[in-house]
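Visitor: Sharing structure.txt (compact mmCIF, C-alpha atoms) below.
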```
# COMPACT_ATOMS: atom_id res chain seq x y z
CA MET A 28 -37.63 -11.39 22.51
CA LEU A 29 -36.66 -9.19 25.41
CA LYS A 30 -35.31 -5.70 24.80
CA TYR A 31 -33.14 -3.45 26.91
CA VAL A 32 -33.32 0.31 27.08
CA ASN A 33 -30.03 1.23 28.73
CA THR A 34 -27.17 0.09 30.93
CA ALA A 35 -25.12 1.58 33.73
CA VAL A 36 -22.28 0.54 35.99
CA VAL A 37 -23.67 0.75 39.51
CA PHE A 38 -22.40 0.13 43.02
CA GLN A 39 -25.59 -0.12 45.06
CA GLU A 40 -27.77 -2.78 43.40
CA ILE A 41 -25.72 -5.78 44.57
CA PRO A 42 -23.68 -5.48 47.79
CA ASP A 43 -19.90 -5.78 47.36
CA GLU A 44 -20.14 -5.92 43.55
CA VAL A 45 -19.39 -3.52 40.72
CA THR A 46 -22.45 -4.25 38.64
CA LEU A 47 -23.40 -3.77 35.02
CA SER A 48 -27.12 -3.06 35.31
CA VAL A 49 -29.16 -3.89 32.20
CA ASN A 50 -32.60 -2.23 32.23
CA ILE A 51 -35.12 -4.43 30.42
CA SER A 52 -38.31 -3.01 28.91
CA ASN A 53 -41.87 -4.36 28.56
CA CYS A 54 -42.34 -4.87 32.30
CA PRO A 55 -45.68 -6.60 32.93
CA CYS A 56 -45.70 -5.81 36.67
CA ARG A 57 -46.67 -2.14 36.33
CA CYS A 58 -46.18 -1.41 40.04
CA PRO A 59 -48.02 1.74 41.22
CA GLY A 60 -45.38 4.34 42.12
CA CYS A 61 -42.74 2.68 39.93
CA HIS A 62 -39.63 4.87 39.52
CA SER A 63 -38.88 3.32 36.11
CA ARG A 64 -42.15 3.71 34.23
CA TYR A 65 -40.19 4.13 31.01
CA LEU A 66 -39.52 0.37 31.22
CA TRP A 67 -43.24 -0.44 30.87
CA ASP A 68 -43.16 0.07 27.10
CA ASP A 69 -41.87 -2.55 24.67
CA GLU A 70 -38.94 -0.62 23.24
CA GLY A 71 -35.17 -0.68 22.99
CA GLU A 72 -32.58 -3.00 21.50
CA ASP A 73 -32.90 -6.79 21.38
CA LEU A 74 -31.24 -8.43 24.38
CA THR A 75 -29.41 -11.50 23.13
CA PRO A 76 -26.36 -13.43 24.31
CA GLU A 77 -24.43 -11.63 21.56
CA THR A 78 -25.64 -8.25 22.87
CA LEU A 79 -24.43 -9.17 26.35
CA ASP A 80 -21.08 -10.26 24.90
CA ALA A 81 -20.69 -6.87 23.21
CA LEU A 82 -21.60 -5.03 26.42
CA LEU A 83 -19.10 -7.07 28.41
CA GLN A 84 -16.36 -6.39 25.86
CA ARG A 85 -17.00 -2.69 26.35
CA TYR A 86 -16.90 -2.80 30.16
CA GLY A 87 -14.15 -5.43 30.38
CA LYS A 88 -12.65 -6.19 33.74
CA GLY A 89 -14.26 -3.19 35.39
CA ILE A 90 -17.29 -5.15 36.59
CA THR A 91 -17.81 -8.16 38.84
CA CYS A 92 -21.53 -8.74 38.27
CA VAL A 93 -24.26 -8.42 35.63
CA CYS A 94 -27.75 -7.58 36.90
CA LEU A 95 -30.72 -8.15 34.63
CA MET A 96 -33.23 -5.54 35.78
CA GLY A 97 -36.62 -6.93 34.81
CA GLY A 98 -37.52 -9.48 32.20
CA ASP A 99 -40.61 -10.73 34.01
CA ALA A 100 -42.41 -11.01 30.66
CA GLU A 101 -40.04 -13.85 29.69
CA PRO A 102 -38.46 -15.43 32.81
CA GLU A 103 -37.26 -18.52 30.95
CA TYR A 104 -35.33 -16.28 28.55
CA ILE A 105 -33.76 -14.45 31.50
CA ASN A 106 -32.69 -17.89 32.73
CA HIS A 107 -31.19 -18.60 29.28
CA LEU A 108 -29.20 -15.35 29.47
CA ALA A 109 -27.99 -16.13 32.99
CA ARG A 110 -26.82 -19.56 31.89
CA HIS A 111 -24.95 -17.97 28.95
CA LEU A 112 -23.27 -15.47 31.26
CA HIS A 113 -22.12 -18.15 33.70
CA ARG A 114 -20.78 -20.38 30.91
CA SER A 115 -19.03 -17.60 29.00
CA TYR A 116 -17.89 -15.46 31.94
CA PRO A 117 -17.42 -17.74 34.97
CA GLN A 118 -15.65 -14.98 36.88
CA LEU A 119 -18.81 -12.82 36.88
CA LYS A 120 -21.76 -13.02 39.25
CA VAL A 121 -25.23 -12.96 37.71
CA ALA A 122 -28.19 -11.21 39.35
CA TRP A 123 -31.85 -10.82 38.45
CA TYR A 124 -34.21 -8.16 39.77
CA SER A 125 -37.74 -9.51 39.38
CA GLY A 126 -40.91 -7.65 40.30
CA ARG A 127 -42.72 -10.93 40.93
CA THR A 128 -43.35 -12.35 44.37
CA LEU A 129 -42.19 -15.83 43.35
CA ILE A 130 -39.75 -17.09 40.75
CA PRO A 131 -41.49 -19.46 38.29
CA GLY A 132 -40.69 -23.15 38.73
CA SER A 133 -39.48 -23.25 35.11
CA VAL A 134 -36.50 -21.05 36.09
CA CYS A 135 -33.37 -22.73 37.47
CA LYS A 136 -32.51 -20.48 40.41
CA ASN A 137 -29.00 -21.95 40.60
CA ASP A 138 -28.18 -20.16 37.34
CA PHE A 139 -28.19 -16.96 39.42
CA ASP A 140 -25.92 -15.72 42.20
CA TYR A 141 -28.46 -13.13 43.37
CA ILE A 142 -32.21 -12.84 42.93
CA LYS A 143 -34.37 -9.91 44.03
CA VAL A 144 -38.09 -10.60 44.27
CA GLY A 145 -41.08 -8.47 45.10
CA PRO A 146 -43.13 -5.75 43.48
CA PHE A 147 -42.58 -2.17 44.51
CA ILE A 148 -45.21 -1.17 47.06
CA ALA A 149 -44.87 2.56 47.69
CA HIS A 150 -45.85 2.65 51.36
CA LEU A 151 -43.36 -0.16 52.12
CA GLY A 152 -40.51 1.38 50.16
CA GLY A 153 -37.67 -0.21 48.22
CA LEU A 154 -34.77 -2.34 49.36
CA LYS A 155 -33.25 0.48 51.41
CA ASP A 156 -36.34 0.66 53.64
CA ALA A 157 -36.49 -1.85 56.51
CA ARG A 158 -40.28 -2.11 55.98
CA THR A 159 -39.92 -3.29 52.36
CA ASN A 160 -41.64 -6.37 51.03
CA GLN A 161 -38.83 -6.77 48.47
CA ARG A 162 -36.06 -9.26 49.22
CA LEU A 163 -32.59 -9.82 47.79
CA TYR A 164 -31.28 -13.37 48.06
CA LYS A 165 -27.71 -14.55 47.59
CA ARG A 166 -26.86 -18.11 46.56
CA MET A 167 -24.53 -19.57 49.14
CA ALA A 168 -21.76 -22.14 48.58
CA HIS A 169 -24.07 -25.02 49.57
CA GLY A 170 -26.66 -23.91 46.98
CA ASP A 171 -29.31 -22.49 49.30
CA PHE A 172 -30.31 -18.85 49.05
CA GLU A 173 -29.89 -16.50 52.00
CA ASP A 174 -31.87 -13.28 52.45
CA ILE A 175 -29.34 -10.42 52.47
CA THR A 176 -31.84 -7.56 52.23
CA HIS A 177 -30.64 -6.19 55.57
CA ARG A 178 -27.36 -5.21 53.88
CA PHE A 179 -29.20 -2.27 52.28
CA TRP A 180 -30.38 -0.85 55.59
CA LYS A 181 -28.27 1.83 57.22
CA LYS A 182 -27.29 1.24 60.78
CA HIS A 183 -28.07 4.25 62.87
CA LYS A 184 -25.43 4.89 65.45
CA ARG A 185 -26.24 7.10 68.32
CA GLU A 186 -23.49 9.44 69.27
CA LYS A 187 -22.94 10.15 72.89
CA VAL A 188 -23.23 13.79 73.57
CA GLY A 189 -20.53 14.83 75.97
CA GLN A 190 -20.63 17.75 78.26
CA LEU A 191 -18.61 20.77 77.43
CA LEU A 192 -16.06 21.73 80.06
```
Let's see the structure in the file written out as structure tokens.
Guide:
Amino acid sequence: MLKYVNTAVVFQEIPDEVTLSVNISNCPCRCPGCHSRYLWDDEGEDLTPETLDALLQRYGKGITCVCLMGGDAEPEYINHLARHLHRSYPQLKVAWYSGRTLIPGSVCKNDFDYIKVGPFIAHLGGLKDARTNQRLYKRMAHGDFEDITHRFWKKHKREKVGQLL
């Protein structure tokens, strides 16, 4: 059984979405330089469909997406939760942040609207760094996934410096 440690409403994990982020413990990836080492331990509350229902009752219409942050120890169960969310809350998007390089074949990717893959590698940085190995994919209307990682990268605009008169 997966457990979650905490939740937060966030605006930066999934572009254009107000996201309920659910931080899942017992992460098997153990990435060096991880900013969430507290999620390595197997602790927290059980994460069940009923738990998600209670969380969504609390946050109501204030969110547009649920992001399951982790769960790599039980990817099929993450898939089960995603399927529950889509069936019970069709208006919500469902995202999964995985630290794995590949999503297991036993997971139905079409149960997700967004999937982030890739371990954290410190010298490559996270999603905000253009050098990152991590990728965020969005499921498109035709069912294929498109890499939208570039949406995290800031565009640097050069300002023209005018001469003072």
Visitor: Using only C-alpha atoms, pick whichever of A:Ala157, A:Trp123, A:Lys88, A:Leu112 has the shortest atom-to-atom distance to Asn50 (chain A).
Guide: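 Among the listed residues, A:Trp123 lies closest to Asn50 (chain A).
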Visitor: Using all atoms listed in the file, which of the listed residues (A:Phe147, A:Tyr141, A:Phe38, A:Tyr31) sits closest to Glu173 (chain A)?
Guide: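 Checking each of A:Phe147, A:Tyr141, A:Phe38, A:Tyr31 against Glu173 (chain A), counting all atoms listed in the file, the winner is A:Tyr141.
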Visitor: Interatomic distance between CA of Tyr104 (chain A) and CA of Gly71 (chain A)?
Guide: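 Atom-to-atom, CA of Tyr104 (chain A) and CA of Gly71 (chain A) are spaced 16.6 Å apart.
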Visitor: Please list as number ranges by chain every residue within 9 Å of Arg162 (chain A), counting all atoms listed in the file and excluding residues in the same chain fewer than 5 positions away.
Guide: A: 142-145, 154, 174-177
Visitor: Could you work out how far CA of Ala109 (chain A) lies from CA of Thr75 (chain A), giving the answer in Å with one decimal?
Guide: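 For CA of Thr75 (chain A) relative to CA of Ala109 (chain A), the distance reads 11.0 Å.
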Visitor: Just to confirm, what's the straight-line distance from CA of Phe139 (chain A) to CA of His113 (chain A) in Å (one decimal)?
Guide: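 It comes out at 8.4 Å.
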Visitor: Measuring between only C-alpha atoms, which one of A:His107, A:Lys155, A:Arg114, A:Arg178 shows the shortest distance to Leu95 (chain A)?
Guide: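 Nearest to Leu95 (chain A): A:His107.
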Visitor: Of the candidates A:Asp138, A:Asp99, A:Asp73, A:Asp171, which shows the shortest atom-to-atom distance to Tyr124 (chain A), using only C-alpha atoms?
Guide: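 Of the candidates, the smallest distance to Tyr124 (chain A) is held by A:Asp99.
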Visitor: Distance table requested - region 114-156 of chain A against region 60-65 of chain A, cut-off 12 Å, all atoms listed in the file: one row per qualifying residue with the closest atom pair and its distance in Å to one decimal, ordered by chain and rising residue number, as JSON lines.
Guide:
```
{"residue": "A:Gly126", "atom": "CA", "partner": "A:Cys61", "partner_atom": "CA", "distance": 10.5}
{"residue": "A:Pro146", "atom": "CA", "partner": "A:Cys61", "partner_atom": "CA", "distance": 9.2}
{"residue": "A:Phe147", "atom": "CA", "partner": "A:Cys61", "partner_atom": "CA", "distance": 6.7}
{"residue": "A:Ile148", "atom": "CA", "partner": "A:Gly60", "partner_atom": "CA", "distance": 7.4}
{"residue": "A:Ala149", "atom": "CA", "partner": "A:Gly60", "partner_atom": "CA", "distance": 5.9}
{"residue": "A:His150", "atom": "CA", "partner": "A:Gly60", "partner_atom": "CA", "distance": 9.4}
{"residue": "A:Leu151", "atom": "CA", "partner": "A:Gly60", "partner_atom": "CA", "distance": 11.2}
{"residue": "A:Gly152", "atom": "CA", "partner": "A:Gly60", "partner_atom": "CA", "distance": 9.9}
{"residue": "A:Gly153", "atom": "CA", "partner": "A:Cys61", "partner_atom": "CA", "distance": 10.1}
```
Visitor: Find the spatial neighbours of Pro55 (chain A), counting all atoms listed in the file, within a cut-off of 10 Å - ignore same-chain residues fewer than 6 positions away - and output them as a VMD selection string.
Guide: chain A and resid 66 to 69 97 to 101 126 to 127
Visitor: Report as a list in words all protein, DNA and RNA residues lying within 7 Å of Pro76 (chain A), evaluated on all atoms listed in the file, omitting residues in the same chain fewer than 4 positions from it.
Guide: Asp80, Leu108 and His111 of chain A
Visitor: Kindly indicate which residue among A:Thr91, A:Cys56, A:His169, A:Gln84 lies nearest to Thr128 (chain A), using all atoms listed in the file for the distances.
Guide: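 Among A:Thr91, A:Cys56, A:His169, A:Gln84, it is A:Cys56 that comes nearest to Thr128 (chain A).
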Visitor: Just need the box for region 56-72 of chain A, edges along x, y and z, holding every atom the file lists for it with 4 Å tacked onto each side, so centre and edge lengths in Å to one decimal, as AutoDock Vina command-line options.
Guide:
```
--center_x -40.3 --center_y -0.5 --center_z 31.8 --size_x 23.4 --size_y 18.7 --size_z 28.6
```
Visitor: Hey, can you pull every residue with an atom no more than 10 Å from (-13.2, -7.8, 37.1), using all atoms listed in the file, and send it as number ranges by chain?
Guide: A: 44-45, 86-92, 118-119
